[in-house]
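Chemist: For reference, the structure I am asking about is given below.
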Amino acid sequence: KGDLLMMTSTGLPNDLAEYIDFSMIAQAEGLKFGIEHFRRLKPHCSGTLIWQLNDCWPVLSWAIMDYYGFGKAGYYYTRRVYAPLLASFKHLDDGSLELWITNDTLQPFAGPVAIQYGSFGKGTLWAEEVKVEVPANASQPVWRSTAEHAPARPDCYLAVRSPTAAFPANRTFFVAIKDLQRTPVAPQVQVSAVNAHELRVQVEAPAYLYFFHLLLPDEAAHYSDNYFDLAAGERADITITSPSPLRPEQLIWHWR
């Protein structure tokens, strides 16, 4: 069953490290896709429930947190996709796309939204900013692009961000992960100790960075964010805290 899930999204893994990442990617991207879809259907759909949050023993399962308390990729993906204010893309049958804002708060949302169409190899191809207004407790399309304006290419992506940090950044691809045409490039990472129990990690992407994640052998470690993407030139600051002493040399990171 796991192989069938990976076969359609990431392709089959060649070793244990790929199996761990590919299985988490298949789960996380699937949860993201489904939750976005059902949240856009508001009020015809009242939401979604996840099975399951955590494991009660060490096991290979569909939980988004493992037995030791580490959040898998699905945990961080769902934390972003369940934000009270969600921006997500809807692919239409004619090749066009819509940007939707789902507002689960009791206050109307009004503000700027930054949209970027980019190439994995060349960076931003075009960018625009639109002002949107969405009533409280509502979900609606706020922007639409034609197939000519944002061609469905395997070497491109479409992203949305809030200049005011009103909602988590989001993106959509035009093909399955295994069919993306991109060359992974190593990010620039700086790790510093704020104090004995806190690390600060600065990540900068020279090219599109997919599925970047930090790993630390500390069951009590808390990450401000993990398992995320960055477009070329973007930066992220991550904070890691733990009741136990933390050392920068303990930290490792991976990407795909």
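Lettering and numbering for the structure tokens are positional, with chains as A, B, ... in the shown order, residues counted from 1 in each chain, and ligands counted from 1 in the shown order.
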Could you pull out all residues of segment 122-224 of chain A with a DSSP call of strand (DSSP E or B) and give them as a VMD selection string?
Modeler: chain A and resid 123 to 134 138 to 145 156 to 161 170 to 173 188 to 195 198 to 204 209 to 215 222 to 223
Chemist: Using only C-alpha atoms, can you tell me which of A:Leu53, A:Met7, A:Leu97, A:Val203 comes closest to Val189 of chain A?
Modeler: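 Looking only at the distances to Val189 of chain A, the closest residue turns out to be A:Val203.
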Chemist: Find, counting only C-alpha atoms, the residue in A:His213, A:His222, A:His37, A:Lys42 that gets nearest to Ala136 of chain A.
Modeler: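 Smallest distance to Ala136 of chain A is found for A:Lys42.
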Chemist: Please return, as a ChimeraX atom specification, all residues of segment 9-61 of chain A that DSSP assigns to helix (DSSP H, G or I) on the basis of the backbone.
Modeler: /A:9,16-40
Chemist: Using only C-alpha atoms, which protein or nucleic acid residues come within 6 Å of Gly118 of chain A? Drop anything in the same chain fewer than 5 positions from it, and give the result as a ChimeraX atom specification.
Modeler: /A:123-125,156-157
Chemist: As an exercise, work out the distance from atom CA of Arg161 of chain A to atom CA of Pro112 of chain A in Å and give it to one decimal place.
Modeler: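 Spanning atom CA of Arg161 of chain A to atom CA of Pro112 of chain A is a straight-line distance of 9.1 Å.
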Chemist: Determine the nearest neighbour of Arg200 of chain A from the options A:Ala231, A:Val130, A:Leu246, A:Leu158, counting only C-alpha atoms.
Modeler: A:Leu246
Chemist: Enter the distance from atom CA of Leu86 of chain A to atom CA of Asp104 of chain A, in Å, rounded to one decimal.
Modeler: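 Atom CA of Asp104 of chain A lies 8.4 Å from atom CA of Leu86 of chain A.
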Chemist: For Ala26 of chain A, list every protein, DNA or RNA residue within 9 Å, evaluated using only C-alpha atoms, and leave out those in the same chain fewer than 3 positions away; present the list as a list in words.
Modeler: Leu5, Met6, Thr8, Ser9, Thr10, Asp21, Phe22, Ser23, Glu29, Gly30, Leu31 and Ile177 of chain A
Chemist: Export N, CA and C atoms of the chosen residues as a PDB file, in the first residue's frame?
Modeler:
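Output below, filename selection37.pdb:
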ATOM      1  N   LEU A   5       1.187   4.345  -2.950  1.00  0.00           N
ATOM      2  CA  LEU A   5       1.043   5.777  -2.687  1.00  0.00           C
ATOM      3  C   LEU A   5       2.242   6.550  -3.217  1.00  0.00           C
ATOM      4  N   MET A   6       3.432   6.023  -2.981  1.00  0.00           N
ATOM      5  CA  MET A   6       4.638   6.708  -3.441  1.00  0.00           C
ATOM      6  C   MET A   6       4.785   6.638  -4.955  1.00  0.00           C
ATOM      7  N   THR A   8       2.741   6.992  -7.317  1.00  0.00           N
ATOM      8  CA  THR A   8       2.027   8.032  -8.068  1.00  0.00           C
ATOM      9  C   THR A   8       2.493   9.436  -7.728  1.00  0.00           C
ATOM     10  N   SER A   9       3.186   9.614  -6.609  1.00  0.00           N
ATOM     11  CA  SER A   9       3.562  10.966  -6.190  1.00  0.00           C
ATOM     12  C   SER A   9       5.065  11.214  -6.285  1.00  0.00           C
ATOM     13  N   THR A  10       5.865  10.388  -5.627  1.00  0.00           N
ATOM     14  CA  THR A  10       7.315  10.605  -5.592  1.00  0.00           C
ATOM     15  C   THR A  10       8.088   9.617  -6.438  1.00  0.00           C
ATOM     16  N   ASP A  21      11.786   9.820   3.441  1.00  0.00           N
ATOM     17  CA  ASP A  21      11.373  11.108   2.878  1.00  0.00           C
ATOM     18  C   ASP A  21      10.205  10.944   1.912  1.00  0.00           C
ATOM     19  N   PHE A  22      10.267   9.972   1.008  1.00  0.00           N
ATOM     20  CA  PHE A  22       9.225   9.812  -0.007  1.00  0.00           C
ATOM     21  C   PHE A  22       7.882   9.476   0.627  1.00  0.00           C
ATOM     22  N   SER A  23       7.892   8.614   1.652  1.00  0.00           N
ATOM     23  CA  SER A  23       6.625   8.271   2.309  1.00  0.00           C
ATOM     24  C   SER A  23       6.037   9.486   3.020  1.00  0.00           C
ATOM     25  N   GLU A  29       1.839  15.839   1.149  1.00  0.00           N
ATOM     26  CA  GLU A  29       1.250  16.470  -0.028  1.00  0.00           C
ATOM     27  C   GLU A  29      -0.205  16.030  -0.204  1.00  0.00           C
ATOM     28  N   GLY A  30      -0.498  14.768   0.122  1.00  0.00           N
ATOM     29  CA  GLY A  30      -1.882  14.299   0.029  1.00  0.00           C
ATOM     30  C   GLY A  30      -2.795  14.991   1.025  1.00  0.00           C
ATOM     31  N   LEU A  31      -2.329  15.139   2.270  1.00  0.00           N
ATOM     32  CA  LEU A  31      -3.117  15.852   3.270  1.00  0.00           C
ATOM     33  C   LEU A  31      -3.327  17.307   2.858  1.00  0.00           C
ATOM     34  N   ILE A 177       5.179  15.295  -7.875  1.00  0.00           N
ATOM     35  CA  ILE A 177       6.521  15.575  -7.383  1.00  0.00           C
ATOM     36  C   ILE A 177       7.577  14.831  -8.206  1.00  0.00           C
TER      37      ILE A 177
END
Chemist: Ser242 of chain A: which residues within 8 Å, counting only C-alpha atoms, same-chain residues fewer than 6 positions away excluded, as a list in words?
Modeler: His197, Glu198, Asp218, Ala220, Ala221 and His222 of chain A
Chemist: Would you export the selected residues with C-alpha atoms as a PDB file, in the first residue's frame, please?
Modeler:
ATOM      1  CA  HIS A 197      18.496  25.677  25.291  1.00  0.00           C
ATOM      2  CA  GLU A 198      17.841  27.567  22.060  1.00  0.00           C
ATOM      3  CA  ASP A 218      16.302  15.353  21.052  1.00  0.00           C
ATOM      4  CA  ALA A 220      11.806  17.292  23.520  1.00  0.00           C
ATOM      5  CA  ALA A 221      13.003  19.697  20.800  1.00  0.00           C
ATOM      6  CA  HIS A 222      10.439  22.178  19.495  1.00  0.00           C
TER       7      HIS A 222
END
Chemist: Hey, which of A:Gln181, A:Asn170, A:Gln27, A:Ser88 ends up closest to Trp143 of chain A? Count only C-alpha atoms.
Modeler: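 Once distances to Trp143 of chain A are computed over only C-alpha atoms, the minimum belongs to A:Ser88.
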Chemist: Find the residue from A:Leu180, A:Ile25, A:Val134, A:Ala152 that sits nearest to Tyr117 of chain A; use only C-alpha atoms when measuring.
Modeler: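 With only C-alpha atoms as the atom set, the closest residue is A:Ala152.
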